[in-house]
Amino acid sequence: MQEKKIVAIAGEVLPLGLKLAGIKEAYTVQQVEEAERLLLELLDRKDVGIIIITQKLEGEIKDRRVRYRMENSIDPLVIAVPGYKEVGTRQDTLRRLILRAVGIDIMETGKAEK
């Protein structure tokens with residue numbers, strides 16, 4: 001079985017930190033178009049298992065084809081994380097991953113039967 005890589009796409013600080021943590025492929029992008037092109041390439045690669053992207057960059061992607069593939073891909077899985085100085089919660093990111101994997105929002109409140 002082929003070993004899969006973790007790859008990151010982000011602004012200037014996150015790729016450096018991830019490289020220090022041992023992720024060998026971490027790309028710094030300056031423009032959204034560059035990120036969209038790179039995402040399409042990574043989504044087609046068989047050696048990539050996880051693509052890490054910052055939430056800010058994910059929100060800036062406007063190309064519908066790229067957005068659709070990102071949101072519906074399971075192999076590789078695309079994970080949006082807060083970037084440097086971005087406000088985000090681990091719970092929200094985990095919630096989105098569970099929703100994608102299971103298909104239901106298991107953390108939704110107020111709809112449980114009494």
# chains A, B, ... in the order shown; residues from 1 in each chain; ligands from 1
>>> residues_around(residues="A:Leu39", least_positions_apart="5", cutoff="9 Å", atoms="only C-alpha atoms", output="PyMOL selection string")
chain A and resi 9+34+44+51+66+70
>>> closest_residue(among="A:Glu3, A:Glu12, A:Asp47, A:Glu58", to="A:Val29", atoms="only C-alpha atoms")
A:Glu12
>>> residues_around(residues="A:Glu36", least_positions_apart="6", cutoff="12 Å", atoms="only C-alpha atoms", output="PyMOL selection string")
chain A and resi 9-10+29-30+42-43+53+57-70
>>> atom_distance(atom1="atom CA of A:Gln55", atom2="atom CA of A:Glu71")
12.8 Å
>>> residues_around(residues="stretch 18-21 of chain A", least_positions_apart="6", cutoff="10 Å", atoms="only C-alpha atoms", output="list in words")
Ile6, Val7, Ala8, Tyr27 and Ile52 of chain A
>>> atom_distance(atom1="atom CA of A:Gly11", atom2="atom CA of A:Leu38")
13.3 Å
